[in-house]
Amino acid sequence: MDIITIIKKELKRLEESNTCKHETPLQSPQGGVVKVKGKDVVMLASNNYLGLSDHPAIKKAAIEGIKKYGYGIASVRFICGTQDIHLQLENKISKFVGTEDTILFSSCFAANEGFFASLTNEKLGFENYKDVLYSDKLNHASIIDGQRLCKSETTDKKIYNHADMTELERLLEEDKNKDYRFKMIVTDGVFSMEGNLAPLDKIVELGKKYNTLVFVDDSHAIGVSGKTGRGTPEAKGVFGKIDVLTGTLGKAMGGAAGGYISGKKELITYLRQKSRPYTFSNSLPPAIIYGAMAAFDLLTKDHSIVQHLHDNTKYFRKEIKALGFTILEGDHPIVPIMLGEASVAQDMSAALLKAGVYIKGLWFPVVPKGEARLRTQISAALTKKDIDHALDAFEKVGKRMKVI
Ligand SMILES: Cc1ncc(COP(=O)(O)O)c(C=O)c1O
């Protein structure tokens, strides 16, 4: 059988099992309100938490980046792809997240993929060694893939139940007297399906107690969580205490593309030598560098946009509950509305689009069976009128479908 015949069969199976991912094209920039099939709809499904995707200051900066530094640099960083602005952005990120140094990647996926194996697969002067990774069960796919690149002969991979600090401590205690070379606790800062924050205060405490490095992917928290948007460490009172932070520039911080790893100077210098997605992939283009720099500048000068996001989130969480919907509690702009059956989430997402609200349903295998949900993502780009319009649609559709 040829490959296309096999793929056709698989596509049919995906379609029948309702796990086929259908794309709904937008005919406008990303924002609080977007255009779909010629109609304006309230956007409740994007990672554009701060509304910077179409922000005048960010667009102006990106255009200036192109004017001053060109469209692309046509090289990897170490050949001729480093412009002074790459170093400036790395510096701005380090200052913002409270670390010594930062290395940029084309995405956070690439950053996470380029971290673990660059350390664990290298002898670094050790003839016989073993490293160990303790990873939260719900960590992002890019962390899972990054860890898959670690050779099993030299890396033990241990998964702990989601945010279960008792289990994490049990694993650390069990391994206390083993002669591991590197030990790392690995977690998302904010979990994208649940909208909850990792218990970083406890994780930092355990990292210290068991002499274990703490790695946090703060993609859904940079610019979002904490009073000034400095992420989960700020929200959990451990700012400046995380050994390795990764994050994306493709969500709150402008929403275009790009990722980073931040940490101790020596570690970042080492990654510039050994992290393959950095060494062997093109540099970020000037428009993105300038746009991202403008985003960090905006937040450094003024927290009102973060405050506005937090106010919007609080309002939506309160009102959607008042309508009778069941949500996962928390304070993050990811607000999962729990519906149970996949078919309910599918039908409700379609009905809401018709009623002028863009929201996506998640169901098995993305979330456990029976825990299908609509994942709301609140943005600072939304006005109170937009949110009220969405709430009104939720009420009408919810009642019609007998969900509330
Ligand atoms: C926790 C987490 N890490 C990494 C990524 C990947 O980020 P990027 O889009 O920059 O590759 C995502 C994106 O969905 C994410 O949610």
# chains A, B, ... in the order shown; residues from 1 in each chain; ligands from 1
$ residues_around --residues "Lys158 of chain A" --least-positions-apart "5" --cutoff "12 Å" --atoms "only C-alpha atoms" --output "list in words"
Asp131, Val132, Leu133, Tyr134, Ser135, Asp136, Lys137, Ile144, Gln147, Ser152, Glu167, Leu168, Arg170, Leu171, Leu172, Glu174, Asp175, Lys183, Met184, Ile185 and Val186 of chain A
$ residues_near_ligand --ligand "ligand 1" --cutoff "6 Å" --atoms "only C-alpha atoms and all ligand atoms" --output "PyMOL selection string"
chain A and resi 107-109+140+142+188+192+217+219+248+250+257-259
$ closest_atom_pairs --of "segment 312-337 of chain A" --to "segment 368-392 of chain A" --cutoff "7 Å" --atoms "only C-alpha atoms" --output "tab-separated table"
residue	atom	partner	partner_atom	distance
A:Asn312	CA	A:Ala380	CA	6.8
A:Thr313	CA	A:Ile378	CA	6.0
A:Ile320	CA	A:Leu391	CA	6.7
A:Pro333	CA	A:Ile378	CA	4.9
A:Ile334	CA	A:Gln377	CA	4.5
A:Val335	CA	A:Thr376	CA	4.9
A:Pro336	CA	A:Arg375	CA	4.4
A:Ile337	CA	A:Leu374	CA	5.1
$ atom_distance --atom1 "atom CA of Leu104 of chain A" --atom2 "atom CA of Lys151 of chain A"
24.8 Å
$ residues_around --residues "Met401 of chain A" --least-positions-apart "4" --cutoff "10 Å" --atoms "only C-alpha atoms" --output "list in words"
Val344, Asp347, Met348, Ala351, Glu395, Lys396 and Val397 of chain A
$ select_by_dssp --residues "segment 199-293 of chain A" --states "helix (DSSP H, G or I)" --output "mmCIF file with C-alpha atoms, in the first residue's frame"
data_model
loop_
_atom_site.group_PDB
_atom_site.id
_atom_site.type_symbol
_atom_site.label_atom_id
_atom_site.label_comp_id
_atom_site.auth_asym_id
_atom_site.auth_seq_id
_atom_site.Cartn_x
_atom_site.Cartn_y
_atom_site.Cartn_z
ATOM 1 C CA LEU A 200 6.325 26.587 42.376
ATOM 2 C CA ASP A 201 6.852 27.667 45.986
ATOM 3 C CA LYS A 202 6.840 24.023 47.071
ATOM 4 C CA ILE A 203 8.817 22.904 44.006
ATOM 5 C CA VAL A 204 11.566 25.433 44.763
ATOM 6 C CA GLU A 205 11.624 24.208 48.371
ATOM 7 C CA LEU A 206 11.980 20.594 47.207
ATOM 8 C CA GLY A 207 14.631 21.573 44.656
ATOM 9 C CA LYS A 208 16.669 23.115 47.434
ATOM 10 C CA LYS A 209 16.135 20.270 49.875
ATOM 11 C CA THR A 232 4.409 32.075 37.699
ATOM 12 C CA PRO A 233 7.510 32.741 39.849
ATOM 13 C CA GLU A 234 6.158 36.222 40.613
ATOM 14 C CA ALA A 235 2.651 34.879 41.294
ATOM 15 C CA LYS A 265 25.233 32.829 32.481
ATOM 16 C CA GLU A 266 27.436 29.735 32.148
ATOM 17 C CA LEU A 267 24.477 27.507 31.306
ATOM 18 C CA ILE A 268 23.237 29.869 28.591
ATOM 19 C CA THR A 269 26.750 30.211 27.124
ATOM 20 C CA TYR A 270 26.972 26.414 27.061
ATOM 21 C CA LEU A 271 23.611 26.107 25.276
ATOM 22 C CA ARG A 272 24.857 28.471 22.552
ATOM 23 C CA GLN A 273 27.471 25.792 21.823
ATOM 24 C CA LYS A 274 25.403 22.644 22.288
ATOM 25 C CA ARG A 276 20.974 21.957 18.297
ATOM 26 C CA PRO A 277 17.770 23.917 17.452
ATOM 27 C CA TYR A 278 19.749 27.066 18.287
ATOM 28 C CA THR A 279 22.967 26.166 16.513
ATOM 29 C CA PRO A 286 14.264 41.771 13.026
ATOM 30 C CA ALA A 287 10.499 42.486 12.929
ATOM 31 C CA ILE A 288 9.930 39.905 15.654
ATOM 32 C CA ILE A 289 12.910 41.084 17.706
ATOM 33 C CA TYR A 290 11.691 44.678 17.589
ATOM 34 C CA GLY A 291 8.052 43.728 18.261
ATOM 35 C CA ALA A 292 9.039 41.574 21.241
ATOM 36 C CA MET A 293 11.336 44.287 22.621
#
$ decode --residues "segment 358-392 of chain A" --atoms "N, CA and C atoms" --output "tab-separated table (two decimals), in the first residue's frame"
chain	number	residue	atom	x	y	z
A	358	TYR	N	-16.20	32.90	19.40
A	358	TYR	CA	-15.25	31.89	18.92
A	358	TYR	C	-14.61	31.23	20.13
A	359	ILE	N	-14.91	29.95	20.34
A	359	ILE	CA	-14.33	29.21	21.47
A	359	ILE	C	-14.18	27.76	21.05
A	360	LYS	N	-13.13	27.11	21.52
A	360	LYS	CA	-12.88	25.74	21.08
A	360	LYS	C	-13.16	24.75	22.20
A	361	GLY	N	-13.66	23.60	21.79
A	361	GLY	CA	-13.88	22.51	22.74
A	361	GLY	C	-12.66	21.60	22.79
A	362	LEU	N	-12.42	21.02	23.93
A	362	LEU	CA	-11.35	20.04	24.08
A	362	LEU	C	-11.97	18.76	24.63
A	363	TRP	N	-11.58	17.64	24.08
A	363	TRP	CA	-12.12	16.36	24.56
A	363	TRP	C	-11.06	15.29	24.41
A	364	PHE	N	-11.40	14.07	24.85
A	364	PHE	CA	-10.47	12.95	24.79
A	364	PHE	C	-9.95	12.78	23.35
A	365	PRO	N	-8.70	12.57	23.08
A	365	PRO	CA	-7.63	12.23	24.04
A	365	PRO	C	-6.86	13.45	24.59
A	366	VAL	N	-7.28	14.68	24.22
A	366	VAL	CA	-6.55	15.86	24.70
A	366	VAL	C	-6.73	16.03	26.22
A	367	VAL	N	-7.96	15.73	26.70
A	367	VAL	CA	-8.22	15.73	28.15
A	367	VAL	C	-8.83	14.37	28.50
A	368	PRO	N	-8.86	13.98	29.79
A	368	PRO	CA	-9.38	12.64	30.12
A	368	PRO	C	-10.84	12.45	29.68
A	369	LYS	N	-11.21	11.19	29.44
A	369	LYS	CA	-12.60	10.84	29.03
A	369	LYS	C	-13.59	11.39	30.06
A	370	GLY	N	-14.70	11.96	29.58
A	370	GLY	CA	-15.72	12.47	30.49
A	370	GLY	C	-15.42	13.86	31.04
A	371	GLU	N	-14.28	14.43	30.60
A	371	GLU	CA	-13.92	15.77	31.10
A	371	GLU	C	-13.83	16.77	29.96
A	372	ALA	N	-14.68	16.55	28.94
A	372	ALA	CA	-14.69	17.48	27.80
A	372	ALA	C	-15.06	18.87	28.30
A	373	ARG	N	-14.51	19.87	27.64
A	373	ARG	CA	-14.70	21.25	28.12
A	373	ARG	C	-14.58	22.24	26.98
A	374	LEU	N	-15.05	23.44	27.26
A	374	LEU	CA	-14.73	24.56	26.40
A	374	LEU	C	-13.62	25.30	27.11
A	375	ARG	N	-12.55	25.61	26.40
A	375	ARG	CA	-11.46	26.35	27.05
A	375	ARG	C	-11.56	27.83	26.68
A	376	THR	N	-12.00	28.62	27.64
A	376	THR	CA	-12.04	30.06	27.42
A	376	THR	C	-10.66	30.64	27.69
A	377	GLN	N	-10.25	31.59	26.88
A	377	GLN	CA	-9.03	32.33	27.15
A	377	GLN	C	-9.36	33.82	27.08
A	378	ILE	N	-9.24	34.47	28.22
A	378	ILE	CA	-9.59	35.88	28.33
A	378	ILE	C	-8.39	36.73	27.89
A	379	SER	N	-8.72	37.90	27.34
A	379	SER	CA	-7.65	38.78	26.84
A	379	SER	C	-7.90	40.21	27.31
A	380	ALA	N	-6.81	40.96	27.40
A	380	ALA	CA	-6.93	42.40	27.72
A	380	ALA	C	-7.52	43.14	26.51
A	381	ALA	N	-7.54	42.48	25.35
A	381	ALA	CA	-8.12	43.12	24.15
A	381	ALA	C	-9.64	43.18	24.23
A	382	LEU	N	-10.23	42.42	25.14
A	382	LEU	CA	-11.70	42.38	25.24
A	382	LEU	C	-12.22	43.57	26.03
A	383	THR	N	-13.26	44.22	25.51
A	383	THR	CA	-13.93	45.26	26.28
A	383	THR	C	-15.01	44.59	27.14
A	384	LYS	N	-15.56	45.36	28.08
A	384	LYS	CA	-16.63	44.79	28.92
A	384	LYS	C	-17.81	44.41	28.03
A	385	LYS	N	-18.04	45.24	26.99
A	385	LYS	CA	-19.15	44.97	26.07
A	385	LYS	C	-18.93	43.61	25.35
A	386	ASP	N	-17.69	43.36	24.93
A	386	ASP	CA	-17.39	42.06	24.28
A	386	ASP	C	-17.68	40.90	25.23
A	387	ILE	N	-17.21	41.05	26.47
A	387	ILE	CA	-17.40	39.95	27.44
A	387	ILE	C	-18.89	39.76	27.71
A	388	ASP	N	-19.61	40.86	27.86
A	388	ASP	CA	-21.05	40.76	28.12
A	388	ASP	C	-21.77	40.10	26.94
A	389	HIS	N	-21.34	40.43	25.73
A	389	HIS	CA	-21.92	39.81	24.54
A	389	HIS	C	-21.69	38.29	24.60
A	390	ALA	N	-20.45	37.91	24.96
A	390	ALA	CA	-20.14	36.48	25.04
A	390	ALA	C	-20.98	35.81	26.12
A	391	LEU	N	-21.10	36.45	27.29
A	391	LEU	CA	-21.86	35.87	28.40
A	391	LEU	C	-23.33	35.67	28.00
A	392	ASP	N	-23.83	36.65	27.27
A	392	ASP	CA	-25.21	36.57	26.80
A	392	ASP	C	-25.39	35.34	25.88
